[in-house]
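Chemist: Below you'll find the structure I mean.
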Amino acid sequence: MKHKTFLWFMLPSALAMLLFIALPIGSVFVQSLHIENEKVLIEVENCVPLGGCTKETVVDIEASARLKAERPLGVYNGFGTYTNRNHLATTEIAQFWRNSDSLGAFAKQVYGLPFYKALSFTLAYTFIVTPLVIILGFCIAVCVNALPRIFKGLAIFFSLLPMMVTPLIGSLILFWMIDSRGVLGKSLQVLMENPDLSLKASPALTWVMLMVYGVWHSAPFAFVVFYAGLQTVPEDTLESAIIDGASRWQRVRYVVIPYLMPLVTFIALIQLMDNFRVFEPVVGFSAEASATSLSWIIYNDLKGEFQLFGSAAATSMLTILGVAILLAPVLIRTWRDFKGAKT
Amino acid sequence: MSDALATRRSAPVRIVLLGFLALWLIAAAFPFVWTLWGSFKVQSDFFSIQDWTNAIWGVRTEIETGSTFTDDGYRGAWVEEKFGLAVFNTLIVTLCVTAISLTFGTLGGYALSRSSYNYTFWILMTALIFRAMPHITLVSGYLLPFFELNIWGYLSTSIVVLVAINQPFTIWMLRSFFMNIPKDLDESAMVDGCTRFQAFRYVIIPVMWPGVITTGLFSFLLAYNDFAVTTMLLSKENQTMVPKIASFLGSTQQEGNVMFAVAAVVSATAPLFVLVLFFQRQIVSGLTAGAVKG
């Protein structure tokens, strides 16, 4: 295809991405270097009849608004927002490092900082849910594949539901069920013989709950991909494995799994990207007390009356950096493949 | 694996497989059945302090409303809270996003599938990075400029943003579908004197519908399921369903309000069920398009 034709075909799509993905990243970066304008304070004298006068400092709303209109971005702050207590907290960490006597105590103190708390949950979620999704998806695919033909459609229909449902709605549905007054929460209390058991109250159980949701939500995706892959496993290889005396397990281990390996890479890539931005479950499960994610703290800065654009932007930049690190191995590999394919 | 091989499994293995599958299917379907059933009860049954079986039989529902089923939740959500307006907004947003995404995406995807220069690779890689970007990080970049330009809060703004966020995924998927349409088809049309665009319009478009429908489904789902963009970029009166449901939660402490949310959740999930029911084959083929064909 000629360059010029390519350009015209690509233009609408490229323009949309440039304007609303590339440009906002730039805008986020600029925002992250600024902090909100300080409030303009004025001293007013309050005089009450017979009570005398008191001096009081209040926010001059009018002047503050004027300042905001003048400098919507706020004041230039350099990388100050990145290093403050709510983000990388460099001073605090250095202090913790000096003052804590064991690594455990240090880790605990660091976990108390909002950014690191969110980062640890996000990473734990990403790296625990992703492998579990792959394993569960594979097991379901093998099971469905063993079903008689007429039941397959029905099994696929039901298996797809957790993935198709809106993430926020899916997490709400589960949240209502594991409420201590809901069906699952109540059953767990009976099973554990502990009438006070509440999944919401314990941080550890909240983490488990969110991850169970994550696996439930994403397993169908892995299932469908593996299921389609299973349909194309070469018949001859399986036959010859049987003739060579391979047991059922050996056939799965040495024929089917190696054949599906490229699919594992594909699912892992998609899942790493999707799980790293975990956000809706934290909102749906109201889990922010025990588990926050990077996306959630950005959301938290942006909602509410006083939107902390600078703070949200700094977290966003750090999150984008995280995505880049996560994707780097894949990108390098694809680049090598691409160069290899050309020569 | 063919049925011939599948039937060779021994009985114990079959039982284990079937048992595992049964467990998974219950885990996948039960929450929906339970919530659908519970949405016709009162709150003290759905969240029962005494006995969870109340939610099945509707004991308190009968005492409070005189029947074991009640549509109070639905009435509350649709009439009092005007959920219908949110449904209407969702309809506008999803339809526009799907239509525009597909128009842009087919053009871009076609170009990417027919060009083999270096920049094709770079565009695809950039799109992959964009695809990985958490949506909320982009939203934090939109807010301030949108406030300044005075375009915050409108449906059209959200539509444009969702189209853009959709693009990386759409062009990747459509490209893999176009790769399957033989190049000879449009090249022979061009030998016959068509321009590139005419070849695309009269030769490619008629044969690309399966891929477009599948991609359209996923664009639709992305717009329908979005929370991060719509909750931050829409004003209260323009809210779509998902942010609306989230805003129910803020004011739930009142008795009965939770049931509004439950009813709204069921209402918002119903269209997805229908979608999966009718388009199961396309969804499966779409999910595997990127994977199996590389």
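Lettering and numbering for the structure tokens are positional, with chains as A, B, ... in the shown order, residues counted from 1 in each chain, and ligands counted from 1 in the shown order.
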Return as a PDB file with C-alpha atoms, in the first residue's frame the full set of residues in range 81-137 of chain A whose backbone-based DSSP assignment is alpha helix (DSSP H).
Modeler:
```pdb
ATOM      1  CA  THR A  81       4.543  15.884  44.273  1.00  0.00           C
ATOM      2  CA  TYR A  82       6.327  12.688  43.272  1.00  0.00           C
ATOM      3  CA  THR A  83       8.444  12.611  46.387  1.00  0.00           C
ATOM      4  CA  THR A  90      11.401   9.409  49.844  1.00  0.00           C
ATOM      5  CA  THR A  91      12.035  11.239  53.123  1.00  0.00           C
ATOM      6  CA  GLU A  92       9.736   8.970  55.094  1.00  0.00           C
ATOM      7  CA  ILE A  93      11.296   5.851  53.655  1.00  0.00           C
ATOM      8  CA  ALA A  94      14.808   7.027  54.431  1.00  0.00           C
ATOM      9  CA  GLN A  95      13.677   7.770  57.954  1.00  0.00           C
ATOM     10  CA  PHE A  96      11.998   4.371  58.349  1.00  0.00           C
ATOM     11  CA  TRP A  97      15.129   2.689  57.070  1.00  0.00           C
ATOM     12  CA  ARG A  98      17.277   4.410  59.672  1.00  0.00           C
ATOM     13  CA  ASN A  99      14.901   3.896  62.562  1.00  0.00           C
ATOM     14  CA  LEU A 103      13.260  -5.678  57.729  1.00  0.00           C
ATOM     15  CA  GLY A 104       9.767  -6.718  58.805  1.00  0.00           C
ATOM     16  CA  ALA A 105       9.217  -3.559  60.808  1.00  0.00           C
ATOM     17  CA  PHE A 106      10.495  -1.499  57.887  1.00  0.00           C
ATOM     18  CA  ALA A 107       8.150  -3.215  55.440  1.00  0.00           C
ATOM     19  CA  LYS A 108       5.239  -2.690  57.785  1.00  0.00           C
ATOM     20  CA  GLN A 109       5.931   1.025  58.079  1.00  0.00           C
ATOM     21  CA  VAL A 110       6.327   1.379  54.328  1.00  0.00           C
ATOM     22  CA  TYR A 111       3.035  -0.440  53.818  1.00  0.00           C
ATOM     23  CA  PRO A 114      -0.767   5.206  50.763  1.00  0.00           C
ATOM     24  CA  PHE A 115       1.170   4.761  47.521  1.00  0.00           C
ATOM     25  CA  TYR A 116       3.027   1.662  48.657  1.00  0.00           C
ATOM     26  CA  LYS A 117      -0.123   0.157  50.099  1.00  0.00           C
ATOM     27  CA  ALA A 118      -1.835   0.516  46.727  1.00  0.00           C
ATOM     28  CA  LEU A 119       1.239  -0.689  44.870  1.00  0.00           C
ATOM     29  CA  SER A 120       1.544  -3.844  46.965  1.00  0.00           C
ATOM     30  CA  PHE A 121      -2.090  -4.765  46.445  1.00  0.00           C
ATOM     31  CA  THR A 122      -1.945  -4.026  42.719  1.00  0.00           C
ATOM     32  CA  LEU A 123       1.171  -6.156  42.260  1.00  0.00           C
ATOM     33  CA  ALA A 124      -0.109  -8.974  44.460  1.00  0.00           C
ATOM     34  CA  TYR A 125      -3.417  -8.956  42.578  1.00  0.00           C
ATOM     35  CA  THR A 126      -1.712  -8.951  39.187  1.00  0.00           C
ATOM     36  CA  PHE A 127       0.725 -11.740  39.937  1.00  0.00           C
ATOM     37  CA  ILE A 128      -1.619 -14.009  41.887  1.00  0.00           C
ATOM     38  CA  VAL A 129      -4.742 -13.664  39.757  1.00  0.00           C
ATOM     39  CA  THR A 130      -3.007 -14.045  36.383  1.00  0.00           C
ATOM     40  CA  PRO A 131      -1.574 -17.583  36.935  1.00  0.00           C
ATOM     41  CA  LEU A 132      -4.737 -18.739  38.686  1.00  0.00           C
ATOM     42  CA  VAL A 133      -6.831 -17.532  35.744  1.00  0.00           C
ATOM     43  CA  ILE A 134      -4.642 -19.482  33.341  1.00  0.00           C
ATOM     44  CA  ILE A 135      -4.828 -22.688  35.402  1.00  0.00           C
ATOM     45  CA  LEU A 136      -8.565 -22.501  36.046  1.00  0.00           C
ATOM     46  CA  GLY A 137      -9.283 -21.555  32.442  1.00  0.00           C
TER      47      GLY A 137
END
```
Chemist: I need the chain B residues near chain A as a ChimeraX atom specification; criterion: at most 6 Å, counting only C-alpha atoms.
Modeler: /B:1,6,17,28,47-49,52,104,107-108,111,115,132,134,137-138,141,164,225,288
Chemist: Keeping only N, CA, C and O atoms, write the selected residues to a file as a PDB file, in the first residue's frame.
Modeler:
```
ATOM      1  N   MET B   1      -9.081 -32.040  19.763  1.00  0.00           N
ATOM      2  CA  MET B   1      -9.332 -33.452  20.085  1.00  0.00           C
ATOM      3  C   MET B   1     -10.735 -33.846  19.626  1.00  0.00           C
ATOM      4  O   MET B   1     -11.693 -33.134  19.897  1.00  0.00           O
ATOM      5  N   ALA B   6     -12.147 -38.263  22.971  1.00  0.00           N
ATOM      6  CA  ALA B   6     -12.764 -37.850  24.228  1.00  0.00           C
ATOM      7  C   ALA B   6     -13.470 -39.031  24.898  1.00  0.00           C
ATOM      8  O   ALA B   6     -13.457 -39.171  26.112  1.00  0.00           O
ATOM      9  N   LEU B  17     -13.838 -34.877  36.035  1.00  0.00           N
ATOM     10  CA  LEU B  17     -13.993 -33.752  35.107  1.00  0.00           C
ATOM     11  C   LEU B  17     -15.385 -33.146  35.219  1.00  0.00           C
ATOM     12  O   LEU B  17     -15.542 -31.935  35.310  1.00  0.00           O
ATOM     13  N   ALA B  28     -20.278 -19.906  38.332  1.00  0.00           N
ATOM     14  CA  ALA B  28     -20.463 -18.896  37.295  1.00  0.00           C
ATOM     15  C   ALA B  28     -21.898 -18.392  37.245  1.00  0.00           C
ATOM     16  O   ALA B  28     -22.132 -17.208  37.032  1.00  0.00           O
ATOM     17  N   PHE B  47     -30.956  -9.395  52.563  1.00  0.00           N
ATOM     18  CA  PHE B  47     -29.892  -9.385  53.576  1.00  0.00           C
ATOM     19  C   PHE B  47     -30.532  -9.813  54.880  1.00  0.00           C
ATOM     20  O   PHE B  47     -30.921  -8.980  55.687  1.00  0.00           O
ATOM     21  N   SER B  48     -30.676 -11.111  55.063  1.00  0.00           N
ATOM     22  CA  SER B  48     -31.465 -11.570  56.197  1.00  0.00           C
ATOM     23  C   SER B  48     -30.594 -11.759  57.421  1.00  0.00           C
ATOM     24  O   SER B  48     -29.584 -12.457  57.380  1.00  0.00           O
ATOM     25  N   ILE B  49     -30.993 -11.114  58.521  1.00  0.00           N
ATOM     26  CA  ILE B  49     -30.228 -11.263  59.762  1.00  0.00           C
ATOM     27  C   ILE B  49     -30.572 -12.591  60.413  1.00  0.00           C
ATOM     28  O   ILE B  49     -29.703 -13.278  60.947  1.00  0.00           O
ATOM     29  N   TRP B  52     -30.824 -17.086  56.220  1.00  0.00           N
ATOM     30  CA  TRP B  52     -30.676 -16.728  54.814  1.00  0.00           C
ATOM     31  C   TRP B  52     -31.728 -17.389  53.935  1.00  0.00           C
ATOM     32  O   TRP B  52     -31.985 -16.938  52.821  1.00  0.00           O
ATOM     33  N   PHE B 104     -13.912   4.076  12.098  1.00  0.00           N
ATOM     34  CA  PHE B 104     -12.482   4.395  12.183  1.00  0.00           C
ATOM     35  C   PHE B 104     -11.663   3.114  12.133  1.00  0.00           C
ATOM     36  O   PHE B 104     -10.632   3.038  11.468  1.00  0.00           O
ATOM     37  N   LEU B 107     -11.247   1.251   8.676  1.00  0.00           N
ATOM     38  CA  LEU B 107     -10.294   1.943   7.801  1.00  0.00           C
ATOM     39  C   LEU B 107      -8.864   1.677   8.264  1.00  0.00           C
ATOM     40  O   LEU B 107      -8.006   1.258   7.491  1.00  0.00           O
ATOM     41  N   GLY B 108      -8.629   1.905   9.565  1.00  0.00           N
ATOM     42  CA  GLY B 108      -7.282   1.722  10.109  1.00  0.00           C
ATOM     43  C   GLY B 108      -6.834   0.280  10.038  1.00  0.00           C
ATOM     44  O   GLY B 108      -5.708  -0.016   9.618  1.00  0.00           O
ATOM     45  N   ALA B 111      -5.896  -0.726   6.513  1.00  0.00           N
ATOM     46  CA  ALA B 111      -4.603  -0.179   6.101  1.00  0.00           C
ATOM     47  C   ALA B 111      -3.468  -0.973   6.747  1.00  0.00           C
ATOM     48  O   ALA B 111      -2.489  -1.322   6.087  1.00  0.00           O
ATOM     49  N   SER B 115      -0.338  -3.186   4.669  1.00  0.00           N
ATOM     50  CA  SER B 115       0.932  -2.481   4.542  1.00  0.00           C
ATOM     51  C   SER B 115       1.996  -3.247   5.315  1.00  0.00           C
ATOM     52  O   SER B 115       1.706  -3.818   6.364  1.00  0.00           O
ATOM     53  N   ALA B 132      -2.785  -0.976  27.052  1.00  0.00           N
ATOM     54  CA  ALA B 132      -2.461  -1.359  28.418  1.00  0.00           C
ATOM     55  C   ALA B 132      -2.670  -0.216  29.413  1.00  0.00           C
ATOM     56  O   ALA B 132      -2.681  -0.434  30.612  1.00  0.00           O
ATOM     57  N   PRO B 134      -4.060   2.131  31.974  1.00  0.00           N
ATOM     58  CA  PRO B 134      -5.275   2.141  32.782  1.00  0.00           C
ATOM     59  C   PRO B 134      -6.121   3.365  32.433  1.00  0.00           C
ATOM     60  O   PRO B 134      -5.584   4.461  32.308  1.00  0.00           O
ATOM     61  N   THR B 137      -5.918   6.691  34.412  1.00  0.00           N
ATOM     62  CA  THR B 137      -4.771   7.589  34.260  1.00  0.00           C
ATOM     63  C   THR B 137      -5.035   8.591  33.136  1.00  0.00           C
ATOM     64  O   THR B 137      -4.658   9.750  33.234  1.00  0.00           O
ATOM     65  N   LEU B 138      -5.715   8.117  32.080  1.00  0.00           N
ATOM     66  CA  LEU B 138      -6.057   9.039  30.998  1.00  0.00           C
ATOM     67  C   LEU B 138      -7.096  10.042  31.469  1.00  0.00           C
ATOM     68  O   LEU B 138      -7.019  11.232  31.146  1.00  0.00           O
ATOM     69  N   GLY B 141      -5.884  13.025  32.940  1.00  0.00           N
ATOM     70  CA  GLY B 141      -5.385  13.999  31.972  1.00  0.00           C
ATOM     71  C   GLY B 141      -6.486  14.776  31.280  1.00  0.00           C
ATOM     72  O   GLY B 141      -6.274  15.877  30.813  1.00  0.00           O
ATOM     73  N   ALA B 164     -11.911   6.808  21.300  1.00  0.00           N
ATOM     74  CA  ALA B 164     -10.451   6.833  21.258  1.00  0.00           C
ATOM     75  C   ALA B 164      -9.859   5.704  22.091  1.00  0.00           C
ATOM     76  O   ALA B 164      -8.943   5.014  21.659  1.00  0.00           O
ATOM     77  N   ASN B 225     -19.671  -1.415  29.614  1.00  0.00           N
ATOM     78  CA  ASN B 225     -19.119  -1.811  30.903  1.00  0.00           C
ATOM     79  C   ASN B 225     -18.249  -0.750  31.538  1.00  0.00           C
ATOM     80  O   ASN B 225     -17.809  -0.911  32.671  1.00  0.00           O
ATOM     81  N   THR B 288     -10.774 -15.435  20.378  1.00  0.00           N
ATOM     82  CA  THR B 288      -9.681 -16.272  19.925  1.00  0.00           C
ATOM     83  C   THR B 288      -9.008 -15.706  18.685  1.00  0.00           C
ATOM     84  O   THR B 288      -7.953 -16.175  18.295  1.00  0.00           O
TER      85      THR B 288
END
```
Chemist: Applying 12 Å and only C-alpha atoms, which residues near Phe146 in chain B remain after dropping the ones on its own chain fewer than 3 positions away? List them as a PyMOL selection string.
Modeler: (chain A and resi 20+24+27+72) or (chain B and resi 139-143+149-154+157-158+161+232-234)
Chemist: Quick one: residues within 10 Å of Ser44 in chain B, only C-alpha atoms counted, chain neighbours fewer than 5 positions away excluded, as an MDAnalysis selection string?
Modeler: (chainID A and resid 181) or (chainID B and resid 49:50 52 54:55 58:61 64 255:256 259)
Chemist: With all heavy atoms kept, could you save the residues just selected as an mmCIF file, in the first residue's frame?
Modeler:
```
data_model
loop_
_atom_site.group_PDB
_atom_site.id
_atom_site.type_symbol
_atom_site.label_atom_id
_atom_site.label_comp_id
_atom_site.auth_asym_id
_atom_site.auth_seq_id
_atom_site.Cartn_x
_atom_site.Cartn_y
_atom_site.Cartn_z
ATOM 1 N N ARG A 181 -24.733 -10.665 56.093
ATOM 2 C CA ARG A 181 -26.150 -11.043 56.115
ATOM 3 C C ARG A 181 -26.586 -11.685 54.800
ATOM 4 O O ARG A 181 -27.737 -12.002 54.606
ATOM 5 C CB ARG A 181 -27.015 -9.802 56.390
ATOM 6 C CG ARG A 181 -26.806 -9.213 57.754
ATOM 7 C CD ARG A 181 -27.377 -7.822 57.809
ATOM 8 N NE ARG A 181 -26.732 -6.958 56.820
ATOM 9 C CZ ARG A 181 -27.247 -5.834 56.356
ATOM 10 N NH1 ARG A 181 -28.429 -5.430 56.768
ATOM 11 N NH2 ARG A 181 -26.604 -5.121 55.472
ATOM 12 N N ILE B 49 -30.993 -11.114 58.521
ATOM 13 C CA ILE B 49 -30.228 -11.263 59.762
ATOM 14 C C ILE B 49 -30.572 -12.591 60.413
ATOM 15 O O ILE B 49 -29.703 -13.278 60.947
ATOM 16 C CB ILE B 49 -30.517 -10.086 60.704
ATOM 17 C CG1 ILE B 49 -30.042 -8.797 60.045
ATOM 18 C CG2 ILE B 49 -29.822 -10.280 62.040
ATOM 19 C CD1 ILE B 49 -30.503 -7.552 60.729
ATOM 20 N N GLN B 50 -31.850 -13.016 60.316
ATOM 21 C CA GLN B 50 -32.257 -14.235 61.015
ATOM 22 C C GLN B 50 -31.806 -15.490 60.276
ATOM 23 O O GLN B 50 -31.129 -16.346 60.830
ATOM 24 C CB GLN B 50 -33.782 -14.269 61.161
ATOM 25 C CG GLN B 50 -34.331 -13.092 61.923
ATOM 26 C CD GLN B 50 -35.660 -12.639 61.367
ATOM 27 O OE1 GLN B 50 -36.130 -13.120 60.339
ATOM 28 N NE2 GLN B 50 -36.286 -11.701 62.061
ATOM 29 N N TRP B 52 -30.824 -17.086 56.220
ATOM 30 C CA TRP B 52 -30.676 -16.728 54.814
ATOM 31 C C TRP B 52 -31.728 -17.389 53.935
ATOM 32 O O TRP B 52 -31.985 -16.938 52.821
ATOM 33 C CB TRP B 52 -29.274 -17.040 54.315
ATOM 34 C CG TRP B 52 -28.885 -18.491 54.306
ATOM 35 C CD1 TRP B 52 -28.221 -19.148 55.287
ATOM 36 C CD2 TRP B 52 -29.152 -19.441 53.282
ATOM 37 N NE1 TRP B 52 -28.054 -20.452 54.948
ATOM 38 C CE2 TRP B 52 -28.613 -20.667 53.723
ATOM 39 C CE3 TRP B 52 -29.792 -19.396 52.042
ATOM 40 C CZ2 TRP B 52 -28.702 -21.832 52.961
ATOM 41 C CZ3 TRP B 52 -29.868 -20.547 51.294
ATOM 42 C CH2 TRP B 52 -29.326 -21.760 51.751
ATOM 43 N N ASN B 54 -34.708 -17.160 54.257
ATOM 44 C CA ASN B 54 -35.784 -16.182 54.085
ATOM 45 C C ASN B 54 -35.769 -15.592 52.682
ATOM 46 O O ASN B 54 -36.811 -15.268 52.122
ATOM 47 C CB ASN B 54 -35.604 -15.037 55.089
ATOM 48 C CG ASN B 54 -36.169 -15.398 56.438
ATOM 49 O OD1 ASN B 54 -36.713 -16.495 56.602
ATOM 50 N ND2 ASN B 54 -36.036 -14.509 57.396
ATOM 51 N N ALA B 55 -34.553 -15.440 52.141
ATOM 52 C CA ALA B 55 -34.448 -14.834 50.814
ATOM 53 C C ALA B 55 -35.083 -15.733 49.762
ATOM 54 O O ALA B 55 -35.532 -15.263 48.722
ATOM 55 C CB ALA B 55 -32.986 -14.569 50.470
ATOM 56 N N GLY B 58 -39.056 -15.635 50.919
ATOM 57 C CA GLY B 58 -39.647 -14.298 51.005
ATOM 58 C C GLY B 58 -40.536 -14.119 52.220
ATOM 59 O O GLY B 58 -41.630 -13.556 52.109
ATOM 60 N N VAL B 59 -40.071 -14.583 53.389
ATOM 61 C CA VAL B 59 -40.890 -14.517 54.596
ATOM 62 C C VAL B 59 -41.229 -13.079 54.959
ATOM 63 O O VAL B 59 -42.384 -12.687 55.078
ATOM 64 C CB VAL B 59 -40.153 -15.189 55.785
ATOM 65 C CG1 VAL B 59 -40.999 -15.105 57.037
ATOM 66 C CG2 VAL B 59 -39.825 -16.632 55.451
ATOM 67 N N ARG B 60 -40.169 -12.246 55.064
ATOM 68 C CA ARG B 60 -40.405 -10.846 55.438
ATOM 69 C C ARG B 60 -41.132 -10.109 54.314
ATOM 70 O O ARG B 60 -41.920 -9.203 54.567
ATOM 71 C CB ARG B 60 -39.070 -10.138 55.707
ATOM 72 C CG ARG B 60 -38.262 -10.706 56.854
ATOM 73 C CD ARG B 60 -38.776 -10.257 58.189
ATOM 74 N NE ARG B 60 -38.916 -8.810 58.236
ATOM 75 C CZ ARG B 60 -39.675 -8.179 59.125
ATOM 76 N NH1 ARG B 60 -40.373 -8.875 60.009
ATOM 77 N NH2 ARG B 60 -39.755 -6.864 59.134
ATOM 78 N N THR B 61 -40.849 -10.500 53.078
ATOM 79 C CA THR B 61 -41.510 -9.842 51.957
ATOM 80 C C THR B 61 -43.005 -10.006 52.069
ATOM 81 O O THR B 61 -43.778 -9.069 51.838
ATOM 82 C CB THR B 61 -41.022 -10.454 50.631
ATOM 83 O OG1 THR B 61 -39.617 -10.552 50.681
ATOM 84 C CG2 THR B 61 -41.430 -9.618 49.455
ATOM 85 N N GLU B 64 -44.261 -7.748 54.853
ATOM 86 C CA GLU B 64 -44.206 -6.315 54.577
ATOM 87 C C GLU B 64 -45.089 -5.895 53.416
ATOM 88 O O GLU B 64 -45.630 -4.792 53.401
ATOM 89 C CB GLU B 64 -42.763 -5.878 54.306
ATOM 90 C CG GLU B 64 -41.947 -5.751 55.580
ATOM 91 C CD GLU B 64 -40.509 -5.355 55.295
ATOM 92 O OE1 GLU B 64 -40.273 -4.611 54.328
ATOM 93 O OE2 GLU B 64 -39.626 -5.810 56.051
ATOM 94 N N GLU B 255 -33.115 2.275 54.579
ATOM 95 C CA GLU B 255 -33.755 0.984 54.303
ATOM 96 C C GLU B 255 -34.438 1.030 52.939
ATOM 97 O O GLU B 255 -35.106 1.992 52.584
ATOM 98 C CB GLU B 255 -34.793 0.697 55.389
ATOM 99 C CG GLU B 255 -35.748 -0.432 55.066
ATOM 100 C CD GLU B 255 -35.425 -1.707 55.825
ATOM 101 O OE1 GLU B 255 -34.508 -1.682 56.660
ATOM 102 O OE2 GLU B 255 -36.086 -2.697 55.573
ATOM 103 N N GLY B 256 -34.232 -0.019 52.168
ATOM 104 C CA GLY B 256 -34.915 -0.082 50.876
ATOM 105 C C GLY B 256 -34.070 0.391 49.725
ATOM 106 O O GLY B 256 -34.222 -0.083 48.620
ATOM 107 N N MET B 259 -32.104 -2.156 47.760
ATOM 108 C CA MET B 259 -32.893 -2.924 46.806
ATOM 109 C C MET B 259 -33.062 -2.178 45.481
ATOM 110 O O MET B 259 -33.197 -2.805 44.438
ATOM 111 C CB MET B 259 -34.261 -3.286 47.395
ATOM 112 C CG MET B 259 -34.196 -4.229 48.586
ATOM 113 S SD MET B 259 -32.985 -5.553 48.413
ATOM 114 C CE MET B 259 -33.759 -6.584 47.200
#
```
Chemist: Check the smallest atom-to-atom distance from each of B:Ile92, B:Ala199, B:Met133, B:Ile181 to Ile159 in chain B using only C-alpha atoms, then report the winner.
Modeler: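 Of B:Ile92, B:Ala199, B:Met133, B:Ile181, the one nearest Ile159 in chain B is B:Ile92, counting only C-alpha atoms.
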Chemist: Any idea what's packed within 9 Å of Val75 in chain A, counting only C-alpha atoms, ignoring anything in its chain fewer than 3 positions away? Could you give it as a PyMOL selection string?
Modeler: chain A and resi 33-38+71-72
